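Worksheet: one structure, shown below.
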Amino acid sequence: MDELERLRFAVEGAGEVSAILVRPAKARWLLVLAHGAGGGMAHPFLERLAGELAEAGVASFRYQFPYMEQRRRAPDSPSVAAATVAAAVRAAAKAAASLPLLAGGKSFGGRMSSQAASQQLLEGVHGLVFFGFPLHPPNKPGTKRAEHLADVPMPMLFLQGTRDTLADLKLLRPICAELGSRTQLHVIETADHSFHVLKSSGRSDAEVLHELAQTTASWAERIGRSS
């Protein structure tokens, strides 16, 4: 049975924020999981993903950014967001000290995690997982948001849909290729930025969530063996 614990931790200069630790008995990894720009840690996608991750042997530590905790609409500045990711990693390491750490998140949360990693703020994190990396604004292709990825020292897993309007795969594929063997791109056919798939795919959103979790767990085991 999964253990669920509600926690709070401090972010320097930004007060305290909430977190939820879901730790299955068979956990082999702990993913520090940040939310997207428009929905907090209790967003249905993240709640369902946490459940699937638990089934795959990956514990999760979901948390709020300060703006979401304080019910403000505008996301935090990059410096506050990076400090929050770093504080979350420290809090997660303390809450489940026996588990090796991964970090990442949905969209905005994943990008803020990579920015924190590029600033060498995520000590002890073995890899980053992006559930829909937001490479550019919707339908405005560009690569500026990926420039910092060259400074990320650990392996990265990109989970992306072919209909994601925030990540043109024609741009993302060469970026991943340039980053080299420490990067894996896993593409889900017909999935959009929220990982909804077309009926014509013959698959359900629940099946996609299962795939996201299983792919994350398998990738974690591979990087664990190579580290």
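Quick note on naming: the chains in the structure tokens go A, B, ... in the order shown, residues restart at 1 in each chain, and ligands are numbered from 1 in order of appearance.
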Residues near A:Leu212, cut-off 10 Å, only C-alpha atoms, skip fewer than 6 positions along chain, as a compact mmCIF listing (two decimals) with N, CA and C atoms, in the first residue's frame:
```
# COMPACT_ATOMS: atom_id res chain seq x y z
N LEU A 49 -0.67 10.65 -12.48
CA LEU A 49 0.70 10.28 -12.79
C LEU A 49 1.40 9.75 -11.55
N GLU A 52 0.41 6.18 -11.10
CA GLU A 52 1.06 5.29 -12.06
C GLU A 52 2.55 5.11 -11.73
N LEU A 53 3.19 6.19 -11.32
CA LEU A 53 4.60 6.09 -10.93
C LEU A 53 4.77 5.15 -9.75
N PHE A 131 7.92 15.99 -18.55
CA PHE A 131 6.63 15.56 -19.07
C PHE A 131 6.07 16.70 -19.93
N LEU A 159 9.72 13.35 -22.51
CA LEU A 159 8.51 12.63 -22.89
C LEU A 159 7.61 13.63 -23.61
N GLN A 160 7.42 13.43 -24.90
CA GLN A 160 6.77 14.44 -25.74
C GLN A 160 5.74 13.83 -26.67
N HIS A 186 11.46 10.29 -25.82
CA HIS A 186 10.43 9.28 -25.98
C HIS A 186 9.18 9.98 -26.53
N ILE A 188 5.30 10.13 -28.05
CA ILE A 188 3.99 9.46 -27.98
C ILE A 188 3.11 9.99 -29.10
N PHE A 195 -0.96 15.45 -22.97
CA PHE A 195 -0.91 14.00 -23.19
C PHE A 195 -2.28 13.38 -23.45
N ALA A 206 -5.48 7.08 -20.20
CA ALA A 206 -4.98 6.27 -19.08
C ALA A 206 -3.82 5.38 -19.52
```
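Proximity to stretch 135-138 of chain A at 7 Å, evaluated using only C-alpha atoms and with sequence-adjacent residues fewer than 6 positions away removed, yields Arg145, Ala146, Thr165, Leu166 and Ala167 of chain A.
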Distance query A:Phe108 at most 12 Å, only C-alpha atoms, self and fewer than 3 positions along chain excluded, as a ChimeraX atom specification: /A:33-40,65,75-78,81-82,85,104-105,111-115,130-137,145,166,193
Minimum-distance residue to A:Leu185, chosen among A:Ala92, A:Ala83, A:Val208, A:Leu172 (using only C-alpha atoms):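 Counting only C-alpha atoms, the residue closest to A:Leu185 is A:Leu172.
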Please tabulate, as a Markdown table, the residues of stretch 144-173 of chain A that come within 10 Å of stretch 216-227 of chain A, each with its closest pair of atoms and the distance in Å to one decimal, counting only C-alpha atoms and ordering rows by chain, then residue number upward.
```
| residue | atom | partner | partner_atom | distance |
| --- | --- | --- | --- | --- |
| A:Met154 | CA | A:Ile223 | CA | 9.6 |
| A:Pro155 | CA | A:Ile223 | CA | 7.5 |
| A:Met156 | CA | A:Trp219 | CA | 9.5 |
| A:Leu157 | CA | A:Trp219 | CA | 7.7 |
| A:Phe158 | CA | A:Thr216 | CA | 9.6 |
| A:Leu159 | CA | A:Thr216 | CA | 8.8 |
```
Shell around A:Gln119 at 8 Å using only C-alpha atoms, local window under 3 positions removed, as a VMD selection string: chain A and resid 115 to 116 151 to 152
Go ahead and write the residues just picked, C-alpha atoms, as an mmCIF file, in the first residue's frame.
```
data_model
loop_
_atom_site.group_PDB
_atom_site.id
_atom_site.type_symbol
_atom_site.label_atom_id
_atom_site.label_comp_id
_atom_site.auth_asym_id
_atom_site.auth_seq_id
_atom_site.Cartn_x
_atom_site.Cartn_y
_atom_site.Cartn_z
ATOM 1 C CA GLN A 115 17.232 25.675 -15.127
ATOM 2 C CA ALA A 116 17.995 24.871 -11.491
ATOM 3 C CA ASP A 151 24.831 23.180 -18.872
ATOM 4 C CA VAL A 152 22.724 20.425 -17.281
#
```
Excluding A:Ala103 and any residue of its chain fewer than 6 positions from it, enumerate the residues within 7 Å of it, using only C-alpha atoms, and give them as a PDB file with N, CA, C and O atoms, in the first residue's frame.
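See out_30.pdb below for the written result:
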```
ATOM      1  N   LEU A  31      10.994  10.704  -7.413  1.00  0.00           N
ATOM      2  CA  LEU A  31      10.937  11.788  -8.401  1.00  0.00           C
ATOM      3  C   LEU A  31      10.383  13.043  -7.744  1.00  0.00           C
ATOM      4  O   LEU A  31       9.247  13.052  -7.263  1.00  0.00           O
ATOM      5  N   VAL A  32      11.187  14.101  -7.726  1.00  0.00           N
ATOM      6  CA  VAL A  32      10.765  15.407  -7.210  1.00  0.00           C
ATOM      7  C   VAL A  32      10.031  16.094  -8.361  1.00  0.00           C
ATOM      8  O   VAL A  32      10.644  16.541  -9.328  1.00  0.00           O
ATOM      9  N   LEU A  33       8.705  16.165  -8.263  1.00  0.00           N
ATOM     10  CA  LEU A  33       7.820  16.427  -9.400  1.00  0.00           C
ATOM     11  C   LEU A  33       7.144  17.787  -9.295  1.00  0.00           C
ATOM     12  O   LEU A  33       6.285  18.010  -8.437  1.00  0.00           O
ATOM     13  N   SER A 113      13.019  23.019 -13.391  1.00  0.00           N
ATOM     14  CA  SER A 113      13.934  22.028 -12.831  1.00  0.00           C
ATOM     15  C   SER A 113      15.237  21.988 -13.616  1.00  0.00           C
ATOM     16  O   SER A 113      16.328  21.901 -13.030  1.00  0.00           O
ATOM     17  N   VAL A 125      20.864  14.762  -7.411  1.00  0.00           N
ATOM     18  CA  VAL A 125      19.868  14.332  -8.399  1.00  0.00           C
ATOM     19  C   VAL A 125      20.572  13.571  -9.524  1.00  0.00           C
ATOM     20  O   VAL A 125      21.536  14.066 -10.114  1.00  0.00           O
ATOM     21  N   GLY A 127      19.044  12.372 -12.423  1.00  0.00           N
ATOM     22  CA  GLY A 127      18.518  12.604 -13.757  1.00  0.00           C
ATOM     23  C   GLY A 127      17.284  13.491 -13.721  1.00  0.00           C
ATOM     24  O   GLY A 127      16.663  13.660 -12.671  1.00  0.00           O
ATOM     25  N   LEU A 128      16.948  14.057 -14.875  1.00  0.00           N
ATOM     26  CA  LEU A 128      15.782  14.941 -15.015  1.00  0.00           C
ATOM     27  C   LEU A 128      14.767  14.314 -15.957  1.00  0.00           C
ATOM     28  O   LEU A 128      15.129  13.744 -16.994  1.00  0.00           O
ATOM     29  N   VAL A 129      13.484  14.456 -15.611  1.00  0.00           N
ATOM     30  CA  VAL A 129      12.390  13.926 -16.430  1.00  0.00           C
ATOM     31  C   VAL A 129      11.452  15.063 -16.793  1.00  0.00           C
ATOM     32  O   VAL A 129      10.949  15.763 -15.908  1.00  0.00           O
TER      33      VAL A 129
END
```
DSSP-assigned strand (DSSP E) among stretch 101-203 of chain A, expressed as a PyMOL selection string: chain A and resi 101-106+125-131+156-161+183-188
Separation of atom CA of A:Asp168 from atom CA of A:Arg203, in Å and rounded to one decimal: 22.2 Å
With only C-alpha atoms counted and 7 Å as the cut-off, give the residues of stretch 77-194 of chain A in contact with stretch 3-19 of chain A, each with its shortest interatomic distance in Å and the pair that gives it, as a Markdown table.
```
| residue | atom | partner | partner_atom | distance |
| --- | --- | --- | --- | --- |
| A:Ala83 | CA | A:Val11 | CA | 6.6 |
| A:Thr84 | CA | A:Val11 | CA | 5.6 |
| A:Ala87 | CA | A:Val11 | CA | 6.0 |
| A:Ala91 | CA | A:Phe9 | CA | 6.6 |
```
Interatomic distance, atom CA of A:Thr190 to atom CA of A:Gly202 (Å, one decimal):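 Atom CA of A:Gly202 lies 10.3 Å from atom CA of A:Thr190.
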In chain A, DSSP alpha helix (DSSP H) residues written as a ChimeraX atom specification: /A:44-55,66-69,78-95,108-118,169-179,205-226
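Distances from A:Gln214, A:Ser60, A:Thr162, A:Ser118 to A:His148 were compared using only C-alpha atoms, and the smallest one belongs to A:Ser118.
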Nearest-residue call for A:Pro174, choices A:Thr143, A:Ala25, A:Arg90, A:Gly57, using only C-alpha atoms: A:Thr143
Between atom CA of A:Val58 and atom CA of A:Leu30, distance in Å (one decimal):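 A separation of 5.7 Å between them.
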